[in-house]
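These notes are about the structure you will find just below.
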Amino acid sequence: MNGLMQQHDLLISSLIEFAARYHGDTEIVSRRVEGDIHRTTYAQVRSRAKQLARALDDFGLERGDRVGTLAWNGYRHYELYYGVSGSGRVLHTLNPRLHPDQIAWIINHAGDRVLAFDMTFTPIIQAIAARCPKVERWVALCEAQQMPAELRQAVPGVQSYEEMLAGQSDEYAWPSLDENLASSMCYTSGTTGNPKGVLYSHRSTVLHAYAAALPDVMDVSARDAVLPVVPMFHVNAWGIPYSSALVGCKLVMPGPALDGASLFRLMDDEGVTFAAGVPTIWLGLLNQMQEEGRKPRALNRVVIGGSAAPASMIATFQDRWGVKVRHAWGMTEMSPLGTACALKNKHLELPPEQRMAVQVTQGRPIFGVDVRVVDGQGADLPWDGASMGELLVKGPWIMSDYYESGQPSPLRDGWFPTGDVVTIDPDGYVHIMDRSKDVIKSGGEWISSIELENIAMAHPAVAMAACVAMPHAKWDERPLLVVVKRPGAQVTASELLAFYEGKVAKWWIPDDVRFVDAIPLGATGKILKNKLRTQLIEPASAGA
Ligand code: AMP
């Protein structure tokens, strides 16, 4: 017997309709690339997203056609999120931190017909426009008079976004779409091979937005002012542009100003209560808080994800500043949210050290995400908090295949292999030990590079740490610690190595420490271990 419930497709357009209807005057604040602050509302975003949808109709864009964006977090990008997907086209966000050759390759592979870009990225556009024959329209996210003459010369037919919207009516009925249609896409920025496209659907996006807002996940409501530091150009800013409309919170977007001082000022001015970002971003903000001797006035919680959050960072936020931390884990292929570290009542009674041992894990699977941990032969490992193996996942917002990759689907019996090496404890808390390619294989045993980095980060003289596997004649690989010192701090290699004693097994302690000025970071803020290893390999093997 079927239930007697109505059937309605889950559509992205319904999110902005809801926000405009019930939170129409709630503010969306953006720092523009010009540096000034711009204010709009959900009602105005809906209006302009509809004007945009009509402009795309005039361009002759069909359902499923791709519209690329190369843009920071800001209101025009937000309007594109709704105008493009809401009207049945596919929003393709591009990561401007990639090499221009890679950006051109991705645009061509995705078949983008329109490409909208912030003025910051004009040099990239000028470099690649001639190599992207499928792009029929280049749209600069600015007023007509802000467009430089060189750009008009270099990119014939380039138009400003405001010109494109001007004169369009906002009378527009969002189309009724099948919820399984593609709504947006994002390419993974793997370190080897060509980037691979992940294609999200309306259904996966709306379900993910519900899940992201849950109390044990991001815990956002209409009373919050939310600042996504995570970029809208990578995995839809962890879904915040959608979940913010779903709850109707104030949204604050930082544009290109992601340094600690700028973020502090914006959070303080706009009363931001909640923010989400990667650890390297939080290092900048914490330094600024230290300098000012206070936190941004209303900030009370942050989500840290994208890379492991060290215990020292979690403790500084919580104990020094009274800002609650929630550690979270996910991937481009997972929309991205997979787990979030909300504590249970029993954890609150634990002594601080044991409670922190839970908080440094990436947390429990969110409802909708199933997990397994398996050994090299694919056999399930116990959930004992100690057995390390590869994490497999499945669920309705997890990818089933890459977009036109020319390869078979990576799924194994319906499970997506994450490439992350983890332990899972009896309560289901997942602890990411490493990427499988970064784990250090010493004498047939595995050493977690993340754990060694987190310990080093707790040392007061360390600004940033990376741990890489170095080839070793006897043990195959041994850990080498690479450290950037805090400005003015003094510390020796032997002092840092002594810092590990009693914190890890003796054979986990790195063999040596190398001090460097900077650690290379990739396009999504993660340490580029391959590059670091190549930079270090010569001198290290000599000393092994
Ligand atoms: P991306 O697809 O670029 O978002 O990268 C996903 C990968 O980032 C995951 O497979 C993990 O290796 C890593 N990652 C994401 N969040 C965390 C976290 N909280 N702790 C450790 N690694 C993480």
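Residue numbers start at 1 in each chain; chains themselves are named A, B, ... in the order of the structure tokens; ligands are numbered from 1 in the order shown.
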Point to revise | Selection as a count of residues only: residues within 6 Å of ligand 1 by only C-alpha atoms and all ligand atoms | key: 17
Check your understanding: If you count only C-alpha atoms, which residues fall within 9 Å of region 510-519 of chain A, apart from same-chain ones fewer than 5 positions away, as JSON, numbers by chain?
Key -> {"A": [452, 464, 465, 466, 467, 478, 479, 480, 481, 482, 483, 484, 485, 492, 493, 494, 496, 497, 500, 527, 528, 532, 536, 540, 544]}
Take the residues from that selection and write them out as a CSV table (one decimal), in the first residue's frame, keeping C-alpha atoms.
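Result file selection36.csv:
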```
chain,number,residue,atom,x,y,z
A,452,LEU,CA,52.3,14.0,14.1
A,464,MET,CA,52.6,25.5,10.8
A,465,ALA,CA,53.8,21.9,10.5
A,466,ALA,CA,53.7,19.2,7.9
A,467,CYS,CA,54.9,15.6,8.2
A,478,ARG,CA,60.3,7.3,8.0
A,479,PRO,CA,58.5,10.5,9.1
A,480,LEU,CA,60.2,13.9,8.5
A,481,LEU,CA,58.8,16.9,10.3
A,482,VAL,CA,58.7,20.2,8.3
A,483,VAL,CA,58.1,23.3,10.4
A,484,VAL,CA,57.5,27.0,9.9
A,485,LYS,CA,58.4,28.9,13.1
A,492,THR,CA,65.7,23.5,17.9
A,493,ALA,CA,65.0,20.2,16.1
A,494,SER,CA,65.9,18.2,19.2
A,496,LEU,CA,60.7,19.6,18.9
A,497,LEU,CA,61.5,15.9,18.8
A,500,TYR,CA,56.7,14.0,21.1
A,527,ILE,CA,49.3,21.0,2.2
A,528,LEU,CA,50.8,19.8,-1.1
A,532,LEU,CA,57.0,19.2,-0.3
A,536,LEU,CA,63.0,17.8,0.5
A,540,ALA,CA,66.7,13.9,3.4
A,544,ALA,CA,68.8,8.7,6.2
```
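Between CA of Met253 (chain A) and CA of Met399 (chain A) lies a distance of 27.7 Å.
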When you look at Asp425 (chain A) with a cut-off of 9 Å (counting only C-alpha atoms), what residues show up, excluding the ones that are within fewer than 5 positions of it in the same chain? I need them as a PDB file with C-alpha atoms, in the first residue's frame.
```
ATOM      1  CA  PRO A 382      36.099  -3.572  13.665  1.00  0.00           C
ATOM      2  CA  TRP A 383      34.825  -0.238  14.991  1.00  0.00           C
ATOM      3  CA  ASP A 384      37.279  -0.261  17.890  1.00  0.00           C
ATOM      4  CA  GLY A 385      38.867   3.156  17.506  1.00  0.00           C
ATOM      5  CA  ALA A 386      42.194   1.472  16.641  1.00  0.00           C
ATOM      6  CA  VAL A 430      35.448   8.598  12.464  1.00  0.00           C
ATOM      7  CA  HIS A 431      39.071   9.654  12.930  1.00  0.00           C
TER       8      HIS A 431
END
```
Among region 328-483 of chain A, which residues does DSSP mark as strand (DSSP E) when it is run on the backbone? Keep the chain and numbering as in the structure and answer as a compact mmCIF listing (two decimals) with all heavy atoms, in the first residue's frame.
```txt
# COMPACT_ATOMS: atom_id res chain seq x y z
N ALA A 328 34.54 18.95 11.26
CA ALA A 328 33.71 18.25 10.27
C ALA A 328 34.57 17.73 9.14
O ALA A 328 35.65 18.25 8.88
CB ALA A 328 32.63 19.18 9.73
N TRP A 329 34.07 16.72 8.49
CA TRP A 329 34.81 16.09 7.39
C TRP A 329 33.89 15.88 6.19
O TRP A 329 32.70 15.60 6.35
CB TRP A 329 35.37 14.74 7.85
CG TRP A 329 35.85 13.87 6.71
CD1 TRP A 329 37.07 13.89 6.12
CD2 TRP A 329 35.10 12.87 6.01
NE1 TRP A 329 37.14 12.97 5.11
CE2 TRP A 329 35.94 12.33 5.02
CE3 TRP A 329 33.79 12.40 6.14
CZ2 TRP A 329 35.52 11.33 4.14
CZ3 TRP A 329 33.37 11.40 5.25
CH2 TRP A 329 34.23 10.87 4.28
N GLY A 330 34.47 16.03 5.00
CA GLY A 330 33.70 15.76 3.79
C GLY A 330 34.58 15.79 2.58
O GLY A 330 35.80 15.94 2.69
N LEU A 337 29.32 17.25 2.91
CA LEU A 337 29.37 16.83 4.31
C LEU A 337 29.17 15.34 4.56
O LEU A 337 28.20 14.74 4.07
CB LEU A 337 28.33 17.62 5.12
CG LEU A 337 28.67 19.10 5.30
CD1 LEU A 337 27.50 19.84 5.94
CD2 LEU A 337 29.92 19.26 6.14
N GLY A 338 30.06 14.75 5.35
CA GLY A 338 29.99 13.34 5.70
C GLY A 338 29.84 13.12 7.19
O GLY A 338 28.95 12.39 7.64
N THR A 339 30.70 13.76 7.99
CA THR A 339 30.63 13.60 9.45
C THR A 339 30.78 14.97 10.12
O THR A 339 31.36 15.89 9.55
CB THR A 339 31.77 12.69 9.98
OG1 THR A 339 33.02 13.34 9.71
CG2 THR A 339 31.76 11.33 9.33
N ALA A 340 30.28 15.05 11.35
CA ALA A 340 30.47 16.27 12.14
C ALA A 340 30.63 15.85 13.59
O ALA A 340 29.97 14.91 14.06
CB ALA A 340 29.26 17.20 12.00
N ARG A 364 30.70 11.99 14.01
CA ARG A 364 29.78 10.91 13.62
C ARG A 364 29.19 11.15 12.24
O ARG A 364 28.96 12.31 11.86
CB ARG A 364 28.60 10.88 14.59
CG ARG A 364 28.92 10.42 15.97
CD ARG A 364 27.67 10.50 16.83
NE ARG A 364 27.55 11.77 17.52
CZ ARG A 364 26.47 12.54 17.51
NH1 ARG A 364 25.42 12.22 16.78
NH2 ARG A 364 26.43 13.65 18.21
N PRO A 365 28.87 10.06 11.49
CA PRO A 365 28.18 10.24 10.22
C PRO A 365 26.86 10.98 10.43
O PRO A 365 26.15 10.75 11.41
CB PRO A 365 27.94 8.82 9.73
CG PRO A 365 29.03 8.02 10.38
CD PRO A 365 29.23 8.65 11.73
N ASP A 370 26.18 6.61 5.12
CA ASP A 370 26.59 5.33 5.72
C ASP A 370 28.09 5.17 5.55
O ASP A 370 28.62 5.54 4.50
CB ASP A 370 25.90 4.16 5.01
CG ASP A 370 24.50 3.94 5.53
OD1 ASP A 370 24.18 4.51 6.59
OD2 ASP A 370 23.73 3.23 4.87
N VAL A 371 28.75 4.58 6.54
CA VAL A 371 30.21 4.42 6.46
C VAL A 371 30.63 2.98 6.77
O VAL A 371 29.93 2.25 7.47
CB VAL A 371 30.96 5.37 7.44
CG1 VAL A 371 30.68 6.81 7.12
CG2 VAL A 371 30.60 5.07 8.90
N ARG A 372 31.79 2.59 6.21
CA ARG A 372 32.45 1.32 6.54
C ARG A 372 33.94 1.59 6.56
O ARG A 372 34.42 2.49 5.85
CB ARG A 372 32.20 0.27 5.47
CG ARG A 372 30.85 -0.36 5.50
CD ARG A 372 30.61 -1.14 4.22
NE ARG A 372 31.51 -2.30 4.09
CZ ARG A 372 31.75 -2.93 2.92
NH1 ARG A 372 31.19 -2.49 1.81
NH2 ARG A 372 32.55 -3.97 2.89
N VAL A 373 34.69 0.79 7.34
CA VAL A 373 36.15 0.87 7.27
C VAL A 373 36.63 -0.54 6.87
O VAL A 373 36.21 -1.52 7.47
CB VAL A 373 36.79 1.39 8.58
CG1 VAL A 373 36.38 0.61 9.80
CG2 VAL A 373 38.31 1.45 8.47
N VAL A 374 37.47 -0.59 5.81
CA VAL A 374 37.86 -1.90 5.28
C VAL A 374 39.38 -2.02 5.15
O VAL A 374 40.09 -1.00 5.01
CB VAL A 374 37.21 -2.16 3.89
CG1 VAL A 374 35.70 -2.21 3.99
CG2 VAL A 374 37.66 -1.13 2.86
N GLY A 389 41.94 1.55 8.38
CA GLY A 389 41.67 1.05 7.04
C GLY A 389 41.04 2.15 6.20
O GLY A 389 40.91 3.29 6.65
N GLU A 390 40.63 1.79 4.98
CA GLU A 390 40.06 2.82 4.10
C GLU A 390 38.58 3.02 4.41
O GLU A 390 37.85 2.07 4.69
CB GLU A 390 40.22 2.43 2.62
CG GLU A 390 39.85 3.61 1.73
CD GLU A 390 39.88 3.33 0.24
OE1 GLU A 390 40.06 2.16 -0.15
OE2 GLU A 390 39.71 4.28 -0.54
N LEU A 391 38.16 4.28 4.33
CA LEU A 391 36.77 4.63 4.61
C LEU A 391 35.95 4.55 3.31
O LEU A 391 36.33 5.14 2.30
CB LEU A 391 36.71 6.06 5.17
CG LEU A 391 35.34 6.60 5.52
CD1 LEU A 391 34.71 5.85 6.68
CD2 LEU A 391 35.41 8.09 5.86
N LEU A 392 34.84 3.80 3.37
CA LEU A 392 33.90 3.74 2.25
C LEU A 392 32.60 4.43 2.68
O LEU A 392 32.23 4.34 3.85
CB LEU A 392 33.57 2.29 1.87
CG LEU A 392 34.72 1.32 1.61
CD1 LEU A 392 34.16 -0.03 1.16
CD2 LEU A 392 35.67 1.86 0.54
N VAL A 393 31.94 5.10 1.74
CA VAL A 393 30.71 5.82 2.11
C VAL A 393 29.62 5.60 1.06
O VAL A 393 29.92 5.32 -0.10
CB VAL A 393 30.96 7.35 2.23
CG1 VAL A 393 31.84 7.67 3.41
CG2 VAL A 393 31.56 7.92 0.95
N LYS A 394 28.37 5.74 1.50
CA LYS A 394 27.27 5.82 0.53
C LYS A 394 26.13 6.66 1.09
O LYS A 394 26.03 6.81 2.32
CB LYS A 394 26.79 4.44 0.10
CG LYS A 394 26.07 3.63 1.14
CD LYS A 394 25.54 2.36 0.49
CE LYS A 394 24.76 1.56 1.50
NZ LYS A 394 24.32 0.27 1.01
N PHE A 416 31.38 4.33 -2.22
CA PHE A 416 32.42 5.20 -2.78
C PHE A 416 33.67 5.11 -1.90
O PHE A 416 33.61 5.38 -0.69
CB PHE A 416 31.91 6.65 -2.85
CG PHE A 416 32.98 7.61 -3.30
CD1 PHE A 416 33.42 7.62 -4.61
CD2 PHE A 416 33.57 8.49 -2.40
CE1 PHE A 416 34.43 8.47 -5.03
CE2 PHE A 416 34.58 9.36 -2.80
CZ PHE A 416 35.01 9.35 -4.12
N PRO A 417 34.82 4.72 -2.49
CA PRO A 417 36.05 4.64 -1.70
C PRO A 417 36.67 6.04 -1.56
O PRO A 417 36.99 6.68 -2.56
CB PRO A 417 36.95 3.73 -2.55
CG PRO A 417 36.36 3.70 -3.92
CD PRO A 417 34.99 4.29 -3.89
N THR A 418 36.79 6.52 -0.34
CA THR A 418 37.19 7.92 -0.13
C THR A 418 38.68 8.16 -0.32
O THR A 418 39.10 9.30 -0.51
CB THR A 418 36.83 8.37 1.30
OG1 THR A 418 37.57 7.55 2.22
CG2 THR A 418 35.35 8.25 1.58
N GLY A 419 39.50 7.09 -0.17
CA GLY A 419 40.96 7.31 -0.21
C GLY A 419 41.47 7.83 1.14
O GLY A 419 42.65 8.11 1.28
N ASP A 420 40.59 7.95 2.13
CA ASP A 420 41.02 8.38 3.47
C ASP A 420 41.23 7.16 4.36
O ASP A 420 40.41 6.23 4.34
CB ASP A 420 39.97 9.30 4.10
CG ASP A 420 40.04 10.71 3.54
OD1 ASP A 420 41.10 11.09 3.00
OD2 ASP A 420 39.04 11.44 3.63
N VAL A 421 42.32 7.18 5.12
CA VAL A 421 42.61 6.11 6.06
C VAL A 421 42.09 6.54 7.43
O VAL A 421 42.43 7.63 7.91
CB VAL A 421 44.13 5.86 6.12
CG1 VAL A 421 44.47 4.85 7.20
CG2 VAL A 421 44.64 5.40 4.77
N VAL A 422 41.25 5.68 8.04
CA VAL A 422 40.55 6.11 9.26
C VAL A 422 40.51 5.00 10.31
O VAL A 422 40.77 3.83 10.01
CB VAL A 422 39.08 6.50 8.95
CG1 VAL A 422 39.00 7.52 7.85
CG2 VAL A 422 38.24 5.28 8.58
N THR A 423 40.15 5.39 11.53
CA THR A 423 39.64 4.44 12.51
C THR A 423 38.21 4.89 12.81
O THR A 423 37.87 6.07 12.62
CB THR A 423 40.44 4.48 13.83
OG1 THR A 423 40.30 5.78 14.41
CG2 THR A 423 41.92 4.19 13.61
N ILE A 424 37.39 3.95 13.26
CA ILE A 424 36.02 4.30 13.70
C ILE A 424 35.85 3.72 15.10
O ILE A 424 36.21 2.56 15.34
CB ILE A 424 34.94 3.73 12.76
CG1 ILE A 424 35.22 4.15 11.30
CG2 ILE A 424 33.56 4.20 13.19
CD1 ILE A 424 34.16 3.68 10.30
N VAL A 430 34.44 8.90 13.48
CA VAL A 430 35.45 8.60 12.46
C VAL A 430 36.67 9.49 12.71
O VAL A 430 36.52 10.70 12.88
CB VAL A 430 34.88 8.90 11.05
CG1 VAL A 430 35.95 8.73 9.98
CG2 VAL A 430 33.68 8.01 10.77
N HIS A 431 37.86 8.87 12.75
CA HIS A 431 39.07 9.65 12.93
C HIS A 431 39.91 9.50 11.67
O HIS A 431 40.36 8.40 11.35
CB HIS A 431 39.84 9.15 14.16
CG HIS A 431 40.84 10.14 14.65
ND1 HIS A 431 41.62 9.94 15.77
CD2 HIS A 431 41.21 11.36 14.18
CE1 HIS A 431 42.40 10.99 15.96
NE2 HIS A 431 42.18 11.85 15.01
N ILE A 432 40.10 10.62 10.95
CA ILE A 432 40.91 10.56 9.72
C ILE A 432 42.37 10.55 10.12
O ILE A 432 42.86 11.51 10.73
CB ILE A 432 40.65 11.81 8.83
CG1 ILE A 432 39.16 12.04 8.60
CG2 ILE A 432 41.44 11.72 7.52
CD1 ILE A 432 38.52 11.28 7.51
N MET A 433 43.06 9.47 9.77
CA MET A 433 44.48 9.37 10.11
C MET A 433 45.34 9.94 8.98
O MET A 433 46.42 10.45 9.22
CB MET A 433 44.89 7.92 10.36
CG MET A 433 44.02 7.18 11.38
SD MET A 433 43.78 8.06 12.94
CE MET A 433 45.39 7.89 13.67
N ASP A 434 44.87 9.82 7.76
CA ASP A 434 45.65 10.27 6.61
C ASP A 434 44.89 10.09 5.32
O ASP A 434 43.89 9.39 5.29
CB ASP A 434 46.94 9.42 6.49
CG ASP A 434 48.18 10.28 6.65
OD1 ASP A 434 48.18 11.37 6.07
OD2 ASP A 434 49.10 9.86 7.37
N ARG A 435 45.44 10.70 4.23
CA ARG A 435 45.07 10.26 2.89
C ARG A 435 45.88 8.99 2.67
O ARG A 435 47.02 8.90 3.15
CB ARG A 435 45.50 11.29 1.83
CG ARG A 435 44.73 12.56 1.79
CD ARG A 435 43.31 12.40 1.42
NE ARG A 435 43.09 12.03 0.02
CZ ARG A 435 41.94 11.52 -0.43
NH1 ARG A 435 40.93 11.29 0.40
NH2 ARG A 435 41.78 11.23 -1.70
N ILE A 440 52.40 7.23 6.42
CA ILE A 440 53.82 6.87 6.41
C ILE A 440 53.96 5.40 6.76
O ILE A 440 53.54 4.96 7.84
CB ILE A 440 54.59 7.78 7.40
CG1 ILE A 440 54.41 9.23 6.96
CG2 ILE A 440 56.07 7.40 7.45
CD1 ILE A 440 54.68 10.25 8.05
N LYS A 441 54.53 4.62 5.82
CA LYS A 441 54.59 3.16 6.00
C LYS A 441 55.99 2.81 6.48
O LYS A 441 56.93 2.75 5.71
CB LYS A 441 54.23 2.46 4.69
CG LYS A 441 52.81 2.78 4.27
CD LYS A 441 52.47 2.30 2.88
CE LYS A 441 51.14 2.86 2.44
NZ LYS A 441 51.20 4.09 1.67
N SER A 442 56.09 2.60 7.79
CA SER A 442 57.39 2.37 8.41
C SER A 442 57.46 0.94 8.93
O SER A 442 56.70 0.58 9.83
CB SER A 442 57.57 3.39 9.55
OG SER A 442 58.74 3.12 10.25
N GLU A 445 54.26 -1.02 9.29
CA GLU A 445 53.20 -0.41 10.11
C GLU A 445 52.89 0.99 9.57
O GLU A 445 53.72 1.58 8.90
CB GLU A 445 53.67 -0.28 11.57
CG GLU A 445 54.07 -1.58 12.22
CD GLU A 445 52.87 -2.38 12.70
OE1 GLU A 445 51.76 -1.81 12.76
OE2 GLU A 445 53.04 -3.57 13.00
N TRP A 446 51.70 1.49 9.93
CA TRP A 446 51.31 2.82 9.45
C TRP A 446 51.48 3.87 10.54
O TRP A 446 51.08 3.66 11.69
CB TRP A 446 49.86 2.81 8.99
CG TRP A 446 49.65 2.12 7.68
CD1 TRP A 446 50.61 1.56 6.89
CD2 TRP A 446 48.41 1.92 7.00
NE1 TRP A 446 50.06 1.02 5.77
CE2 TRP A 446 48.69 1.23 5.79
CE3 TRP A 446 47.09 2.27 7.27
CZ2 TRP A 446 47.71 0.88 4.88
CZ3 TRP A 446 46.11 1.92 6.36
CH2 TRP A 446 46.41 1.23 5.18
N ILE A 447 52.01 5.02 10.10
CA ILE A 447 52.10 6.17 11.02
C ILE A 447 51.24 7.28 10.43
O ILE A 447 51.35 7.60 9.24
CB ILE A 447 53.56 6.66 11.13
CG1 ILE A 447 54.46 5.55 11.69
CG2 ILE A 447 53.65 7.92 11.98
CD1 ILE A 447 55.94 5.91 11.73
N VAL A 462 55.70 26.85 16.99
CA VAL A 462 55.36 26.35 15.65
C VAL A 462 54.15 27.10 15.07
O VAL A 462 53.09 27.13 15.68
CB VAL A 462 55.07 24.83 15.70
CG1 VAL A 462 54.58 24.32 14.35
CG2 VAL A 462 56.31 24.07 16.14
N ALA A 463 54.36 27.70 13.88
CA ALA A 463 53.23 28.36 13.21
C ALA A 463 52.51 27.35 12.34
O ALA A 463 51.29 27.34 12.27
CB ALA A 463 53.73 29.51 12.36
N MET A 464 53.27 26.49 11.66
CA MET A 464 52.65 25.50 10.79
C MET A 464 53.57 24.29 10.67
O MET A 464 54.79 24.44 10.69
CB MET A 464 52.43 26.12 9.41
CG MET A 464 51.47 25.35 8.60
SD MET A 464 50.93 26.36 7.24
CE MET A 464 50.08 25.15 6.32
N ALA A 465 52.96 23.10 10.57
CA ALA A 465 53.78 21.89 10.50
C ALA A 465 53.22 20.93 9.46
O ALA A 465 52.01 20.87 9.24
CB ALA A 465 53.77 21.20 11.86
N ALA A 466 54.15 20.21 8.80
CA ALA A 466 53.73 19.16 7.87
C ALA A 466 54.64 17.97 8.12
O ALA A 466 55.80 18.15 8.48
CB ALA A 466 53.88 19.62 6.43
N CYS A 467 54.08 16.77 7.96
CA CYS A 467 54.90 15.59 8.17
C CYS A 467 54.84 14.76 6.90
O CYS A 467 53.74 14.47 6.40
CB CYS A 467 54.34 14.81 9.36
SG CYS A 467 55.63 13.91 10.16
N VAL A 468 56.01 14.40 6.36
CA VAL A 468 56.01 13.64 5.10
C VAL A 468 56.87 12.39 5.24
O VAL A 468 57.79 12.33 6.06
CB VAL A 468 56.53 14.49 3.92
CG1 VAL A 468 55.55 15.58 3.54
CG2 VAL A 468 57.90 15.07 4.21
N ALA A 469 56.54 11.41 4.39
CA ALA A 469 57.30 10.16 4.39
C ALA A 469 58.58 10.36 3.58
O ALA A 469 58.53 10.86 2.46
CB ALA A 469 56.46 9.07 3.74
N MET A 470 59.68 9.97 4.17
CA MET A 470 60.96 10.03 3.45
C MET A 470 61.44 8.60 3.23
O MET A 470 61.31 7.75 4.13
CB MET A 470 61.98 10.80 4.29
CG MET A 470 61.77 12.28 4.26
SD MET A 470 62.21 12.90 2.61
CE MET A 470 60.87 13.96 2.29
N PRO A 471 62.00 8.31 2.05
CA PRO A 471 62.49 6.95 1.81
C PRO A 471 63.56 6.57 2.82
O PRO A 471 64.38 7.42 3.21
CB PRO A 471 63.08 7.03 0.39
CG PRO A 471 62.91 8.41 -0.08
CD PRO A 471 62.26 9.24 0.96
N HIS A 472 63.55 5.31 3.26
CA HIS A 472 64.53 4.87 4.25
C HIS A 472 64.96 3.44 3.91
O HIS A 472 64.12 2.58 3.64
CB HIS A 472 63.90 4.92 5.66
CG HIS A 472 64.89 4.74 6.76
ND1 HIS A 472 65.39 3.50 7.11
CD2 HIS A 472 65.50 5.64 7.56
CE1 HIS A 472 66.25 3.64 8.10
NE2 HIS A 472 66.33 4.94 8.39
N ASP A 476 61.76 1.35 4.94
CA ASP A 476 61.00 1.80 3.75
C ASP A 476 60.73 3.30 3.79
O ASP A 476 61.16 4.04 2.93
CB ASP A 476 59.66 1.06 3.58
CG ASP A 476 59.86 -0.36 3.12
OD1 ASP A 476 60.95 -0.61 2.57
OD2 ASP A 476 58.97 -1.20 3.33
N GLU A 477 59.98 3.71 4.83
CA GLU A 477 59.69 5.14 4.97
C GLU A 477 59.83 5.55 6.43
O GLU A 477 59.55 4.75 7.32
CB GLU A 477 58.25 5.44 4.52
CG GLU A 477 58.02 5.30 3.03
CD GLU A 477 56.57 5.60 2.62
OE1 GLU A 477 55.69 5.75 3.49
OE2 GLU A 477 56.34 5.69 1.41
N ARG A 478 60.25 6.78 6.65
CA ARG A 478 60.29 7.33 8.00
C ARG A 478 59.73 8.76 7.96
O ARG A 478 59.87 9.47 6.96
CB ARG A 478 61.73 7.37 8.55
CG ARG A 478 62.29 6.01 8.89
CD ARG A 478 61.59 5.32 10.05
NE ARG A 478 61.63 6.13 11.28
CZ ARG A 478 60.71 6.06 12.24
NH1 ARG A 478 59.69 5.26 12.14
NH2 ARG A 478 60.82 6.81 13.32
N PRO A 479 59.11 9.19 9.07
CA PRO A 479 58.54 10.55 9.07
C PRO A 479 59.61 11.64 9.21
O PRO A 479 60.54 11.50 10.02
CB PRO A 479 57.63 10.55 10.31
CG PRO A 479 57.97 9.33 11.11
CD PRO A 479 58.78 8.41 10.27
N LEU A 480 59.42 12.69 8.42
CA LEU A 480 60.24 13.89 8.54
C LEU A 480 59.28 15.04 8.86
O LEU A 480 58.26 15.21 8.17
CB LEU A 480 60.98 14.19 7.23
CG LEU A 480 61.69 15.54 7.18
CD1 LEU A 480 62.97 15.49 8.02
CD2 LEU A 480 62.05 15.91 5.74
N LEU A 481 59.62 15.81 9.88
CA LEU A 481 58.75 16.93 10.27
C LEU A 481 59.27 18.21 9.62
O LEU A 481 60.47 18.49 9.67
CB LEU A 481 58.76 17.07 11.79
CG LEU A 481 57.87 18.17 12.37
CD1 LEU A 481 56.40 17.85 12.14
CD2 LEU A 481 58.14 18.33 13.86
N VAL A 482 58.36 18.95 8.99
CA VAL A 482 58.72 20.21 8.35
C VAL A 482 57.97 21.31 9.09
O VAL A 482 56.76 21.21 9.28
CB VAL A 482 58.32 20.20 6.86
CG1 VAL A 482 58.81 21.45 6.16
CG2 VAL A 482 58.87 18.96 6.18
N VAL A 483 58.72 22.35 9.48
CA VAL A 483 58.12 23.34 10.39
C VAL A 483 58.37 24.77 9.91
O VAL A 483 59.47 25.10 9.48
CB VAL A 483 58.71 23.15 11.81
CG1 VAL A 483 58.48 24.37 12.68
CG2 VAL A 483 58.11 21.93 12.48
```
Practice item. Can you pull out every residue within 12 Å of Asp57 (chain A), counting only C-alpha atoms, but drop anything in the same chain fewer than 5 positions away, and send it as a list in words? Key: Lys50, Gln51, Leu52, Glu62, Arg63, Asp65, Gly83, Val84, Ser87, Gly88, Arg89, Met164, Leu165, Gln168 and Tyr172 of chain A
Could the residues in this selection be saved with C-alpha atoms as a PDB file, in the first residue's frame?
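File written: again-v5.pdb
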```pdb
ATOM      1  CA  LYS A  50      14.806  35.853 -11.837  1.00  0.00           C
ATOM      2  CA  GLN A  51      16.135  38.684 -14.024  1.00  0.00           C
ATOM      3  CA  LEU A  52      19.243  36.570 -14.566  1.00  0.00           C
ATOM      4  CA  GLU A  62      18.763  25.242 -22.752  1.00  0.00           C
ATOM      5  CA  ARG A  63      18.027  23.089 -19.716  1.00  0.00           C
ATOM      6  CA  ASP A  65      23.550  23.941 -20.262  1.00  0.00           C
ATOM      7  CA  GLY A  83      19.286  32.128 -11.190  1.00  0.00           C
ATOM      8  CA  VAL A  84      21.302  29.458 -13.018  1.00  0.00           C
ATOM      9  CA  SER A  87      16.063  27.983 -14.182  1.00  0.00           C
ATOM     10  CA  GLY A  88      17.275  24.461 -14.968  1.00  0.00           C
ATOM     11  CA  ARG A  89      20.821  25.233 -16.050  1.00  0.00           C
ATOM     12  CA  MET A 164      22.885  41.842 -18.672  1.00  0.00           C
ATOM     13  CA  LEU A 165      20.305  42.247 -15.899  1.00  0.00           C
ATOM     14  CA  GLN A 168      14.994  42.337 -17.593  1.00  0.00           C
ATOM     15  CA  TYR A 172       9.474  34.799 -13.943  1.00  0.00           C
TER      16      TYR A 172
END
```
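Interatomic distance, CA of Ala182 (chain A) to CA of Tyr200 (chain A): 5.7 Å.
Here CA of Leu258 (chain A) is placed at a distance of 17.1 Å from CA of Ile240 (chain A).
Near Gly197 (chain A), within a cut-off of 7 Å and counting only C-alpha atoms, sit the residues Met185, Cys186, Tyr187, Thr188, Tyr402 and Tyr403 of chain A, with same-chain residues fewer than 3 positions away left out.
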Practice item. Quick one: everything within 12 Å of Leu10 (chain A), counting only C-alpha atoms, minus sequence neighbours fewer than 2 positions away in the same chain. Send it as an MDAnalysis selection string. Key: chainID A and resid 7:8 12:15 86 176:181 183 201:210
Check your understanding: Which residues, written as a PyMOL selection string, have at least one atom at most 7 Å from region 101-112 of chain A, with only C-alpha atoms counted and residues fewer than 5 positions away on the same chain left out?
Key -> chain A and resi 66-68+128+131-132+134-135
